[in-house]
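For reference, the structure is listed below as structure tokens.
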Amino acid sequence: MTDAPDTPRVHVVGTGLIGTSLGLALTRAGGVVTLEDISSTNAALARDLGAGETPGAASDVLSPDLVVVATPPDVTAACVAESLERWPEAVVTDVASVKVAILDSLRSRGADLSRFCGSHPMAGRERNGAVSGRHDLFHGRAWVLTPTDETSEVAVALVRSVASSVGAAVVTLDPADHDAAVASVSHVPQLVASLVAARLEHLADSSVALAGQGLRDVTRIAASDPHLWTQILSGNAHAVRDVLTALATDLDGVIAALDALGTDDDPPGARGTLARAIAAGNAGHARIPGKHGAAPTAYTTVRVLIPDEPGQLGRLFADVGSIGTNIEEFHLDHGLGQAFGLAEIDVVPGSAAALSEGLEERGWRLHG
């Protein structure tokens, strides 16, 4: 295997959200990308969106430097093995969110692991398919490489180069460490969001109408694809189970405290259990990286009342821009039965006073 080329030819197998987004990003940067999908319609759609070219037949694909397998997790190992055999000079990577199960399957097949470097872009959306692809999907997002002792340095360098070229922040983890990490930061959050959202299915309409931004934040990812997530959770079952077991222990403690507080007694320690649970959440939340992977930053929130009228949100953004303030995070909540919304603008603490003063000068009403 020769050194990694400066402008690699990339062949993408699977034109869903990730595969299409990668093709869009690479072609936008002037790269050479070919596309393949078990569905010719899916591949043609990704092509028409600008993600690459679709050769007339599999035999027409020029020998790629890198093959990216972006298929559902349950067929990823088979597709990787097939790609390694089909292109004996190419490096192959996958983008599945589980690694150990795929690696075990490849070893059992006797695949050439020197040319395989597993990877996982930590990017996605609630919607799937080529039509949801975005050329900037990977900007500032982590892209994890999971090489093994068998993986060649050339293979690692090529996958790293391609991931970096689409704006991702590349990190390297052992495959087992990766699976344990994503169980906590991705897979269990998905399950918890789904379980919380499921509580709403049979709730009275009048109760659901009380939902605010907190519920929307907690359940945003609950709209994900059940079929895909069944595959992901099955592939990382042991790591997810370990995190859920620890979570269940914490929940049992909270439930016991609530049971105690529901009696006529005033049991010592119950309120402390609840307070410690919330405080532990504060500590964990404070560790979540800020924008572009930077160290966590404590922002100040400026709350603005927005009339529920066309053009008001655009006017607010324009005014924030004219004041010269950079928005770090933004949330919009609608008042129940009210003709206004509440915009929460998170900014660095040093900018909050100037933003508040500037917005009031421009006629905005602040809240709190």
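By convention here, the chains of the structure tokens are called A, B, ... in the order presented, each chain's residues are numbered starting at 1, and ligands are numbered starting at 1 in the order presented.
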
Using only C-alpha atoms, which residues of segment 106-195 of chain A come within 12 Å of segment 270-290 of chain A, and what is the closest atom pair for each, with the distance in Å to one decimal? Give it as a Markdown table, sorted by chain and residue number.
```
| residue | atom | partner | partner_atom | distance |
| --- | --- | --- | --- | --- |
| A:Gly140 | CA | A:Gly290 | CA | 10.6 |
| A:Arg141 | CA | A:Pro289 | CA | 10.8 |
| A:Ala142 | CA | A:Pro289 | CA | 11.0 |
| A:Ser184 | CA | A:Gly284 | CA | 11.5 |
| A:Val185 | CA | A:Ile288 | CA | 9.6 |
```

Please produce a file of those selected residues containing C-alpha atoms, as a PDB file, in the first residue's frame.
```
ATOM      1  CA  GLY A 140     -16.781  21.029  14.181  1.00  0.00           C
ATOM      2  CA  ARG A 141     -18.044  17.536  15.013  1.00  0.00           C
ATOM      3  CA  ALA A 142     -15.898  14.749  16.379  1.00  0.00           C
ATOM      4  CA  SER A 184     -23.130   7.110  27.543  1.00  0.00           C
ATOM      5  CA  VAL A 185     -23.095  10.100  25.207  1.00  0.00           C
TER       6      VAL A 185
END
```

As an NGL selection string, please: all residues of segment 171-368 of chain A that backbone DSSP puts in alpha helix (DSSP H). :A and (175-182 or 188-198 or 205-208 or 213-219 or 226-235 or 237-261 or 270-285 or 312-323 or 349-361)

May I have the residues from that selection written out with C-alpha atoms, as a CSV table (one decimal), in the first residue's frame?
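What landed in out.csv:
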```
chain,number,residue,atom,x,y,z
A,175,PRO,CA,-12.9,0.1,19.5
A,176,ALA,CA,-14.1,-1.1,22.9
A,177,ASP,CA,-13.5,2.3,24.5
A,178,HIS,CA,-15.5,3.9,21.6
A,179,ASP,CA,-18.5,1.6,22.2
A,180,ALA,CA,-18.4,2.3,26.0
A,181,ALA,CA,-18.2,6.1,25.3
A,182,VAL,CA,-21.1,6.3,22.8
A,188,VAL,CA,-28.6,5.9,26.3
A,189,PRO,CA,-29.6,9.5,25.7
A,190,GLN,CA,-31.6,8.3,22.7
A,191,LEU,CA,-33.3,5.6,24.8
A,192,VAL,CA,-34.1,8.1,27.6
A,193,ALA,CA,-35.5,10.6,25.2
A,194,SER,CA,-37.7,8.0,23.7
A,195,LEU,CA,-38.9,6.7,27.1
A,196,VAL,CA,-39.8,10.2,28.3
A,197,ALA,CA,-41.6,11.0,25.0
A,198,ALA,CA,-43.5,7.8,25.3
A,205,ASP,CA,-54.3,17.1,25.0
A,206,SER,CA,-54.7,19.8,27.7
A,207,SER,CA,-51.7,18.4,29.6
A,208,VAL,CA,-49.5,18.1,26.5
A,213,GLN,CA,-38.8,24.2,26.0
A,214,GLY,CA,-37.5,21.8,28.6
A,215,LEU,CA,-39.6,19.0,27.3
A,216,ARG,CA,-38.7,19.8,23.7
A,217,ASP,CA,-35.0,19.8,24.6
A,218,VAL,CA,-35.3,16.4,26.4
A,219,THR,CA,-37.3,14.7,23.7
A,226,PRO,CA,-36.9,3.0,15.3
A,227,HIS,CA,-35.5,0.4,12.8
A,228,LEU,CA,-32.0,2.1,12.7
A,229,TRP,CA,-31.8,2.5,16.5
A,230,THR,CA,-32.9,-1.1,17.1
A,231,GLN,CA,-29.8,-2.1,15.1
A,232,ILE,CA,-27.5,0.3,16.9
A,233,LEU,CA,-28.7,-0.8,20.4
A,234,SER,CA,-28.4,-4.4,19.4
A,235,GLY,CA,-24.9,-4.0,18.2
A,237,ALA,CA,-26.0,-4.1,23.8
A,238,HIS,CA,-23.5,-4.8,26.6
A,239,ALA,CA,-22.1,-1.3,26.9
A,240,VAL,CA,-25.7,0.2,26.8
A,241,ARG,CA,-26.8,-2.3,29.4
A,242,ASP,CA,-24.0,-1.3,31.7
A,243,VAL,CA,-24.9,2.4,31.6
A,244,LEU,CA,-28.6,1.7,32.0
A,245,THR,CA,-27.9,-0.5,35.0
A,246,ALA,CA,-26.1,2.4,36.7
A,247,LEU,CA,-28.9,4.7,35.7
A,248,ALA,CA,-31.5,2.3,37.1
A,249,THR,CA,-29.7,2.3,40.5
A,250,ASP,CA,-29.9,6.1,40.6
A,251,LEU,CA,-33.6,6.0,39.6
A,252,ASP,CA,-34.3,3.5,42.3
A,253,GLY,CA,-32.8,5.8,44.9
A,254,VAL,CA,-34.8,8.8,43.6
A,255,ILE,CA,-38.0,6.7,43.6
A,256,ALA,CA,-37.3,5.5,47.2
A,257,ALA,CA,-36.9,9.1,48.3
A,258,LEU,CA,-40.1,10.2,46.6
A,259,ASP,CA,-41.9,7.3,48.3
A,260,ALA,CA,-40.7,8.4,51.6
A,261,LEU,CA,-41.7,12.0,51.1
A,270,ALA,CA,-34.8,11.9,51.3
A,271,ARG,CA,-34.5,15.6,50.2
A,272,GLY,CA,-30.7,15.1,50.2
A,273,THR,CA,-31.1,12.3,47.7
A,274,LEU,CA,-33.1,14.5,45.4
A,275,ALA,CA,-30.7,17.4,45.7
A,276,ARG,CA,-27.7,15.2,45.1
A,277,ALA,CA,-29.3,13.8,41.9
A,278,ILE,CA,-29.9,17.3,40.5
A,279,ALA,CA,-26.4,18.5,41.6
A,280,ALA,CA,-24.8,15.4,39.9
A,281,GLY,CA,-26.6,16.4,36.8
A,282,ASN,CA,-25.3,19.9,37.1
A,283,ALA,CA,-21.7,18.5,37.3
A,284,GLY,CA,-22.2,16.3,34.4
A,285,HIS,CA,-23.8,19.0,32.2
A,312,GLN,CA,-40.2,39.5,14.2
A,313,LEU,CA,-37.6,36.8,14.6
A,314,GLY,CA,-35.6,38.1,11.6
A,315,ARG,CA,-35.7,41.6,13.1
A,316,LEU,CA,-34.4,40.2,16.4
A,317,PHE,CA,-31.5,38.5,14.8
A,318,ALA,CA,-30.7,41.6,12.8
A,319,ASP,CA,-30.7,43.8,15.9
A,320,VAL,CA,-28.5,41.3,17.8
A,321,GLY,CA,-26.1,41.5,14.9
A,322,SER,CA,-26.1,45.3,14.8
A,323,ILE,CA,-25.3,45.4,18.5
A,349,PRO,CA,-21.2,36.7,30.2
A,350,GLY,CA,-19.3,39.8,29.2
A,351,SER,CA,-21.7,40.5,26.3
A,352,ALA,CA,-25.0,40.2,28.2
A,353,ALA,CA,-25.3,43.7,29.6
A,354,ALA,CA,-24.6,45.4,26.3
A,355,LEU,CA,-27.0,43.1,24.5
A,356,SER,CA,-29.8,43.8,27.0
A,357,GLU,CA,-29.3,47.5,26.8
A,358,GLY,CA,-29.1,47.5,23.0
A,359,LEU,CA,-32.3,45.5,22.6
A,360,GLU,CA,-34.2,47.7,25.0
A,361,GLU,CA,-33.1,50.8,23.1
```

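When only C-alpha atoms are used to compute distances to Ser224 of chain A, the closest of the residues A:Leu62, A:Arg28, A:Gly124, A:Arg9 turns out to be A:Gly124.
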
With DSSP run on the backbone, what are the strand (DSSP E or B) residues within segment 101-186 of chain A? I'd like them as a PyMOL selection string. chain A and resi 116+118-121+142-146+169-172

Deliver the residues from the most recent selection as a file, using C-alpha atoms, as a PDB file, in the first residue's frame.
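Result written to result.pdb:
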```pdb
ATOM      1  CA  PHE A 116      -9.438  -1.366   7.399  1.00  0.00           C
ATOM      2  CA  GLY A 118     -13.113   1.797  11.484  1.00  0.00           C
ATOM      3  CA  SER A 119     -14.501   5.269  12.073  1.00  0.00           C
ATOM      4  CA  HIS A 120     -17.573   7.048  13.399  1.00  0.00           C
ATOM      5  CA  PRO A 121     -18.554  10.659  12.653  1.00  0.00           C
ATOM      6  CA  ALA A 142     -15.898  14.749  16.379  1.00  0.00           C
ATOM      7  CA  TRP A 143     -14.979  11.977  13.950  1.00  0.00           C
ATOM      8  CA  VAL A 144     -13.642   8.981  15.851  1.00  0.00           C
ATOM      9  CA  LEU A 145     -11.060   6.653  14.288  1.00  0.00           C
ATOM     10  CA  THR A 146     -10.890   3.147  15.774  1.00  0.00           C
ATOM     11  CA  ALA A 169     -12.273  17.149  14.577  1.00  0.00           C
ATOM     12  CA  VAL A 170     -10.543  13.771  14.411  1.00  0.00           C
ATOM     13  CA  VAL A 171      -9.898  11.739  17.567  1.00  0.00           C
ATOM     14  CA  THR A 172      -8.669   8.164  18.007  1.00  0.00           C
TER      15      THR A 172
END
```

Using only C-alpha atoms, the best pick from A:Val33, A:Val348, A:Val100, A:Val304 as closest to Thr325 of chain A would be A:Val348

Name all residues at most 12 Å from Glu53 of chain A (count only C-alpha atoms; drop same-chain ones fewer than 6 positions away) and give them as a count of residues only.
25

Closest of A:Ser39, A:Ser97, A:Asp264, A:Thr7 to Ser161 of chain A, counting only C-alpha atoms, is A:Thr7

Practice item. For Glu328 of chain A, work out the shell of residues within 8 Å, counting only C-alpha atoms and skipping chain neighbours fewer than 4 positions away, then give it as number ranges by chain. Key: A: 291, 299, 345-348

Export C-alpha atoms of the chosen residues as a PDB file, in the first residue's frame?
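After the write, selection.pdb holds the following:
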```
ATOM      1  CA  LYS A 291     -18.997  25.192  20.453  1.00  0.00           C
ATOM      2  CA  TYR A 299     -23.291  31.433  29.229  1.00  0.00           C
ATOM      3  CA  ILE A 345     -30.352  34.099  23.767  1.00  0.00           C
ATOM      4  CA  ASP A 346     -27.241  32.590  25.369  1.00  0.00           C
ATOM      5  CA  VAL A 347     -24.151  34.797  25.149  1.00  0.00           C
ATOM      6  CA  VAL A 348     -20.772  34.988  26.872  1.00  0.00           C
TER       7      VAL A 348
END
```

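When atom CA of Val91 of chain A is paired with atom CA of His187 of chain A, their separation reads 28.1 Å.
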
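Straight-line separation from atom CA of Pro64 of chain A to atom CA of Ile102 of chain A: 22.1 Å.
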
Any idea what's packed within 12 Å of Gly212 of chain A, counting only C-alpha atoms, ignoring anything in its chain fewer than 6 positions away? Could you give it as a ChimeraX atom specification? /A:218-219,331-336,341-342

Write the selection just made, keeping N, CA, C and O atoms, as a PDB file, in the first residue's frame?
```pdb
ATOM      1  N   VAL A 218     -35.483  17.817  25.954  1.00  0.00           N
ATOM      2  CA  VAL A 218     -35.252  16.449  26.414  1.00  0.00           C
ATOM      3  C   VAL A 218     -35.684  15.422  25.374  1.00  0.00           C
ATOM      4  O   VAL A 218     -35.059  14.377  25.220  1.00  0.00           O
ATOM      5  N   THR A 219     -36.738  15.711  24.623  1.00  0.00           N
ATOM      6  CA  THR A 219     -37.317  14.720  23.708  1.00  0.00           C
ATOM      7  C   THR A 219     -36.993  14.974  22.238  1.00  0.00           C
ATOM      8  O   THR A 219     -37.520  14.276  21.375  1.00  0.00           O
ATOM      9  N   HIS A 331     -32.875  29.507  21.925  1.00  0.00           N
ATOM     10  CA  HIS A 331     -34.084  28.703  22.103  1.00  0.00           C
ATOM     11  C   HIS A 331     -35.298  29.623  21.971  1.00  0.00           C
ATOM     12  O   HIS A 331     -35.253  30.777  22.386  1.00  0.00           O
ATOM     13  N   LEU A 332     -36.369  29.074  21.409  1.00  0.00           N
ATOM     14  CA  LEU A 332     -37.603  29.838  21.265  1.00  0.00           C
ATOM     15  C   LEU A 332     -38.745  29.020  21.831  1.00  0.00           C
ATOM     16  O   LEU A 332     -38.966  27.868  21.440  1.00  0.00           O
ATOM     17  N   ASP A 333     -39.453  29.593  22.787  1.00  0.00           N
ATOM     18  CA  ASP A 333     -40.586  28.932  23.411  1.00  0.00           C
ATOM     19  C   ASP A 333     -41.819  29.798  23.198  1.00  0.00           C
ATOM     20  O   ASP A 333     -41.736  31.029  23.238  1.00  0.00           O
ATOM     21  N   HIS A 334     -42.955  29.160  22.964  1.00  0.00           N
ATOM     22  CA  HIS A 334     -44.207  29.892  22.733  1.00  0.00           C
ATOM     23  C   HIS A 334     -45.063  29.860  23.989  1.00  0.00           C
ATOM     24  O   HIS A 334     -45.234  28.813  24.617  1.00  0.00           O
ATOM     25  N   GLY A 335     -45.609  30.996  24.373  1.00  0.00           N
ATOM     26  CA  GLY A 335     -46.483  31.055  25.528  1.00  0.00           C
ATOM     27  C   GLY A 335     -47.819  30.400  25.226  1.00  0.00           C
ATOM     28  O   GLY A 335     -48.381  30.569  24.139  1.00  0.00           O
ATOM     29  N   LEU A 336     -48.306  29.604  26.168  1.00  0.00           N
ATOM     30  CA  LEU A 336     -49.572  28.906  25.976  1.00  0.00           C
ATOM     31  C   LEU A 336     -50.711  29.912  25.824  1.00  0.00           C
ATOM     32  O   LEU A 336     -50.987  30.698  26.724  1.00  0.00           O
ATOM     33  N   GLY A 341     -43.799  34.876  21.803  1.00  0.00           N
ATOM     34  CA  GLY A 341     -42.870  33.817  22.161  1.00  0.00           C
ATOM     35  C   GLY A 341     -41.793  34.375  23.059  1.00  0.00           C
ATOM     36  O   GLY A 341     -41.609  35.599  23.161  1.00  0.00           O
ATOM     37  N   LEU A 342     -41.075  33.481  23.727  1.00  0.00           N
ATOM     38  CA  LEU A 342     -39.966  33.875  24.587  1.00  0.00           C
ATOM     39  C   LEU A 342     -38.678  33.342  23.989  1.00  0.00           C
ATOM     40  O   LEU A 342     -38.462  32.129  23.909  1.00  0.00           O
TER      41      LEU A 342
END
```

* To do: Write out as an MDAnalysis selection string the residues lying within 9 Å of Ser165 of chain A, counting only C-alpha atoms and excluding same-chain residues fewer than 3 positions away.
  => chainID A and resid 25:26 29 160:162 168

Correct to one decimal, the distance atom CA of Cys79 of chain A-atom CA of Val92 of chain A is 10.0 Å

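Compared by their closest atoms to Pro8 of chain A, and using only C-alpha atoms, the residues A:Ala209, A:Leu158, A:Leu200, A:Arg134 rank with A:Leu158 nearest.
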